[in-house]
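The file my_file.cif contains mmCIF, C-alpha atoms:
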```cif
data_entry
#
loop_
_atom_site.label_atom_id
_atom_site.label_comp_id
_atom_site.auth_asym_id
_atom_site.auth_seq_id
_atom_site.Cartn_x
_atom_site.Cartn_y
_atom_site.Cartn_z
CA MET A 1 162.88 153.14 -1.91
CA ALA A 2 159.30 153.06 -0.55
CA ASP A 3 160.41 150.42 1.93
CA GLU A 4 163.15 152.65 3.19
CA LEU A 5 160.71 155.50 3.55
CA GLU A 6 158.37 153.43 5.70
CA VAL A 7 161.13 152.31 7.94
CA THR A 8 162.21 155.86 8.43
CA GLU A 9 158.73 156.96 9.34
CA GLU A 10 158.44 154.16 11.87
CA THR A 11 161.76 155.08 13.32
CA VAL A 12 160.72 158.71 13.61
CA GLU A 13 157.46 157.67 15.25
CA GLU A 14 159.26 155.42 17.70
CA GLN A 15 161.56 158.22 18.59
CA THR A 16 158.73 160.68 19.20
CA ASN A 17 156.51 158.15 21.02
CA PRO A 18 158.38 156.77 23.98
CA VAL A 19 156.06 153.64 24.42
CA SER A 20 157.97 150.46 24.16
CA LEU A 21 156.92 147.47 22.08
CA GLU A 22 156.25 145.38 25.18
CA ASP A 23 153.92 148.06 26.50
CA GLN A 24 152.06 148.13 23.22
CA ILE A 25 151.71 144.33 23.27
CA ALA A 26 150.47 144.49 26.84
CA GLU A 27 147.94 147.18 25.87
CA LEU A 28 146.78 145.10 22.89
CA LEU A 29 146.45 141.99 25.04
CA ALA A 30 144.46 143.96 27.62
CA GLU A 31 142.24 145.39 24.87
CA ASN A 32 141.82 141.88 23.43
CA LYS A 33 140.77 140.53 26.87
CA ARG A 34 138.34 143.38 27.31
CA LEU A 35 136.81 142.80 23.86
CA LYS A 36 136.71 139.05 24.47
CA ARG A 37 134.87 139.61 27.78
CA ALA A 38 132.43 141.91 25.99
CA VAL A 39 131.86 139.32 23.24
CA ASP A 40 131.41 136.56 25.87
CA LYS A 41 129.02 138.76 27.83
CA SER A 42 127.04 139.54 24.64
CA ALA A 43 126.98 135.85 23.68
CA SER A 44 125.83 134.93 27.17
CA GLN A 45 123.09 137.57 27.08
CA ALA A 46 122.04 136.39 23.61
CA ALA A 47 121.86 132.79 24.89
CA ASP A 48 119.77 133.93 27.89
CA TYR A 49 117.43 135.88 25.64
CA LYS A 50 117.17 132.87 23.35
CA LYS A 51 116.31 130.61 26.29
CA GLN A 52 113.68 133.09 27.49
CA LEU A 53 112.26 133.33 23.98
CA ASN A 54 112.15 129.55 23.66
CA ALA A 55 110.48 129.29 27.06
CA ARG A 56 107.92 131.88 26.03
CA LEU A 57 107.38 130.13 22.72
CA SER A 58 107.02 126.83 24.54
CA GLU A 59 104.53 128.39 26.93
CA GLN A 60 102.68 129.92 24.00
CA GLU A 61 102.68 126.62 22.15
CA GLN A 62 101.48 124.85 25.30
CA LEU A 63 98.71 127.40 25.72
CA GLU A 64 97.72 127.03 22.08
CA ALA A 65 97.72 123.22 22.37
CA ALA A 66 95.62 123.37 25.54
CA GLN A 67 93.21 125.79 23.86
CA ALA A 68 92.95 123.53 20.81
CA GLU A 69 92.22 120.56 23.09
CA ARG A 70 89.51 122.52 24.93
CA ASP A 71 88.01 123.61 21.62
CA ALA A 72 87.93 120.00 20.41
CA GLU A 73 86.27 118.82 23.64
CA LEU A 74 83.71 121.62 23.42
CA ALA A 75 82.94 120.73 19.81
CA GLU A 76 82.51 117.07 20.81
CA TYR A 77 80.16 118.00 23.68
CA LYS A 78 78.14 120.23 21.36
CA ARG A 79 77.88 117.42 18.82
CA LYS A 80 76.79 114.91 21.47
CA ASP A 81 74.18 117.39 22.73
CA ALA A 82 72.92 117.96 19.18
CA VAL A 83 72.70 114.18 18.64
CA ARG A 84 70.77 113.75 21.89
CA THR A 85 68.37 116.55 20.98
CA ALA A 86 67.78 115.23 17.47
CA ALA A 87 67.41 111.66 18.78
CA ALA A 88 64.79 112.86 21.28
CA ASP A 89 62.89 114.46 18.39
CA TYR A 90 63.00 111.19 16.45
CA MET A 91 61.88 109.19 19.50
CA ALA A 92 58.94 111.59 19.87
CA LEU A 93 57.94 110.52 16.34
CA GLY A 94 57.99 106.87 17.43
CA TYR A 95 61.52 105.81 16.52
CA SER A 96 63.25 103.27 18.76
CA PRO A 97 66.17 104.75 20.77
CA GLU A 98 68.75 102.93 18.61
CA LEU A 99 67.13 103.96 15.34
CA ALA A 100 66.63 107.52 16.62
CA GLU A 101 70.33 107.82 17.46
CA LYS A 102 71.35 106.47 14.04
CA ALA A 103 69.00 108.92 12.34
CA ALA A 104 70.31 111.82 14.41
CA GLU A 105 73.92 110.90 13.58
CA ALA A 106 73.09 110.67 9.89
CA GLN A 107 71.24 113.99 10.00
CA LEU A 108 74.07 115.84 11.74
CA SER A 109 76.75 114.37 9.50
CA GLY A 110 74.73 115.38 6.45
CA ASP A 111 74.39 111.78 5.20
CA THR A 112 71.00 112.11 3.50
CA LYS A 113 71.24 108.68 1.87
CA GLU A 114 71.62 106.98 5.27
CA LEU A 115 68.89 109.16 6.81
CA THR A 116 66.48 108.33 3.99
CA SER A 117 67.22 104.61 4.40
CA ILE A 118 66.57 104.83 8.16
CA GLN A 119 63.31 106.70 7.59
CA LYS A 120 62.22 104.12 5.01
CA ASP A 121 62.89 101.29 7.47
CA PHE A 122 61.01 103.16 10.19
CA LEU A 123 57.97 103.79 7.98
CA GLU A 124 57.87 100.15 6.84
CA GLU A 125 58.02 98.94 10.44
CA LYS A 126 55.38 101.47 11.48
CA GLU A 127 53.05 100.37 8.66
CA LYS A 128 53.58 96.70 9.56
CA THR A 129 52.78 97.40 13.22
CA PHE A 130 49.70 99.42 12.23
CA ARG A 131 48.39 96.59 10.01
CA GLU A 132 48.97 94.05 12.79
CA THR A 133 47.06 96.26 15.22
CA LEU A 134 44.14 96.59 12.80
CA MET A 135 44.03 92.86 12.18
CA LYS A 136 44.00 92.09 15.91
CA GLY A 137 40.99 94.34 16.46
CA MET A 138 39.06 92.93 13.49
CA PRO A 139 36.76 89.96 14.20
CA SER A 140 37.39 86.90 12.08
CA PRO A 141 34.66 86.19 9.53
CA GLN A 142 32.33 83.23 10.12
CA ALA A 143 32.25 80.34 7.72
CA GLY A 144 29.56 80.59 5.06
CA GLY A 145 29.33 84.35 5.39
CA GLU A 146 27.17 84.11 8.51
CA LYS A 147 27.50 86.71 11.17
CA ASP A 148 28.30 85.82 14.75
CA SER A 149 24.95 85.90 16.47
CA GLY A 150 26.01 84.87 19.91
CA ASP A 151 25.64 81.59 21.71
CA ALA A 152 22.07 82.03 22.92
CA PRO A 153 19.44 80.13 20.99
CA LEU A 154 16.75 82.17 19.26
CA THR A 155 13.50 82.39 21.18
CA MET A 156 10.08 82.55 19.60
CA GLU A 157 9.47 85.98 21.13
CA GLU A 158 12.69 87.31 19.66
CA PHE A 159 11.80 85.80 16.26
CA ASN A 160 8.29 87.25 16.33
CA ALA A 161 9.69 90.69 17.22
CA HIS A 162 12.00 90.70 14.19
CA LYS A 163 10.22 88.47 11.64
CA LYS A 164 9.26 91.41 9.44
CA ASP A 165 12.92 92.60 9.22
CA PRO A 166 14.64 90.62 6.43
CA ASN A 167 18.06 92.07 7.30
CA TRP A 168 17.76 90.79 10.85
CA ILE A 169 16.62 87.38 9.63
CA ASN A 170 19.54 87.20 7.19
CA SER A 171 22.07 88.26 9.81
CA ASN A 172 20.72 85.68 12.30
CA TRP A 173 19.92 82.96 9.77
CA ALA A 174 21.89 80.23 11.60
CA ARG A 175 19.93 80.87 14.79
CA VAL A 176 16.64 80.98 12.83
CA GLN A 177 17.46 77.61 11.18
CA GLU A 178 18.35 76.12 14.54
CA MET A 179 15.05 77.32 16.04
CA LEU A 180 13.03 75.98 13.10
CA GLN A 181 14.77 72.57 13.31
CA LYS A 182 13.95 72.32 16.99
CA LYS A 183 10.33 73.28 16.33
CA GLY A 184 9.74 71.04 13.46
#
```
Please rewrite the model in this file as structure tokens.
Amino acid sequence: MADELEVTEETVEEQTNPVSLEDQIAELLAENKRLKRAVDKSASQAADYKKQLNARLSEQEQLEAAQAERDAELAEYKRKDAVRTAAADYMALGYSPELAEKAAEAQLSGDTKELTSIQKDFLEEKEKTFRETLMKGMPSPQAGGEKDSGDAPLTMEEFNAHKKDPNWINSNWARVQEMLQKKG
């Protein structure tokens, strides 16, 4: 019975509304085309906005990557400058350029074990060089504990001038003996 009622209402509506079925289909198709164009236009705009966003993100990422690269280069330049400055300080202390650079690198990297080892090597080399320098400046001792009295033979005047000075006689004993052998 409900089905009959619906049919009757449709029939009444069709009778009061003079639009034909074909006109309604045409209107629906037109509305569908209009909605489809709107959806296509919205999808197109969304795609454009997405492309613009991706381009901006790409630009932003490129800018960030370039900034990171510049920051890394700056950090490297600062480190090299710090190494050069520290190496100059070590060279002022007497380190060789190679050893000074190694010490500066160890200092800046915080490697105290390496820095201590380098300093130990430097001090040992410095002490060795110092001892060699002292030994070069020191006269070699004469055999028999005699002092070097020069090559000139002792004269009688020189002997008479110093004969009361036992220290002088002892320090020139070889020359005194030579003089006495020639005399006697």
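With distances taken over all atoms listed in the file, A:Ala103 is the one residue among A:Ala72, A:Leu29, A:Val176, A:Ala103 lying closest to Arg84 (chain A).
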* To one decimal place, how far is CA of Ala82 (chain A) from CA of Asp121 (chain A) in Å? ->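 According to the coordinates, CA of Ala82 (chain A) and CA of Asp121 (chain A) are separated by 22.7 Å.
CA of Leu99 (chain A) lies 16.4 Å from CA of Lys128 (chain A).
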* Asked: How far is it from CA of Glu114 (chain A) to CA of Pro97 (chain A), in Å with one decimal?
  ->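 CA of Glu114 (chain A) sits 16.6 Å away from CA of Pro97 (chain A).
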* Test item: residues at most 9 Å from region 90-94 of chain A, all atoms listed in the file, excluding those fewer than 4 positions along its chain, as a PyMOL selection string -> chain A and resi 85-86+99-101+103-104+122+126
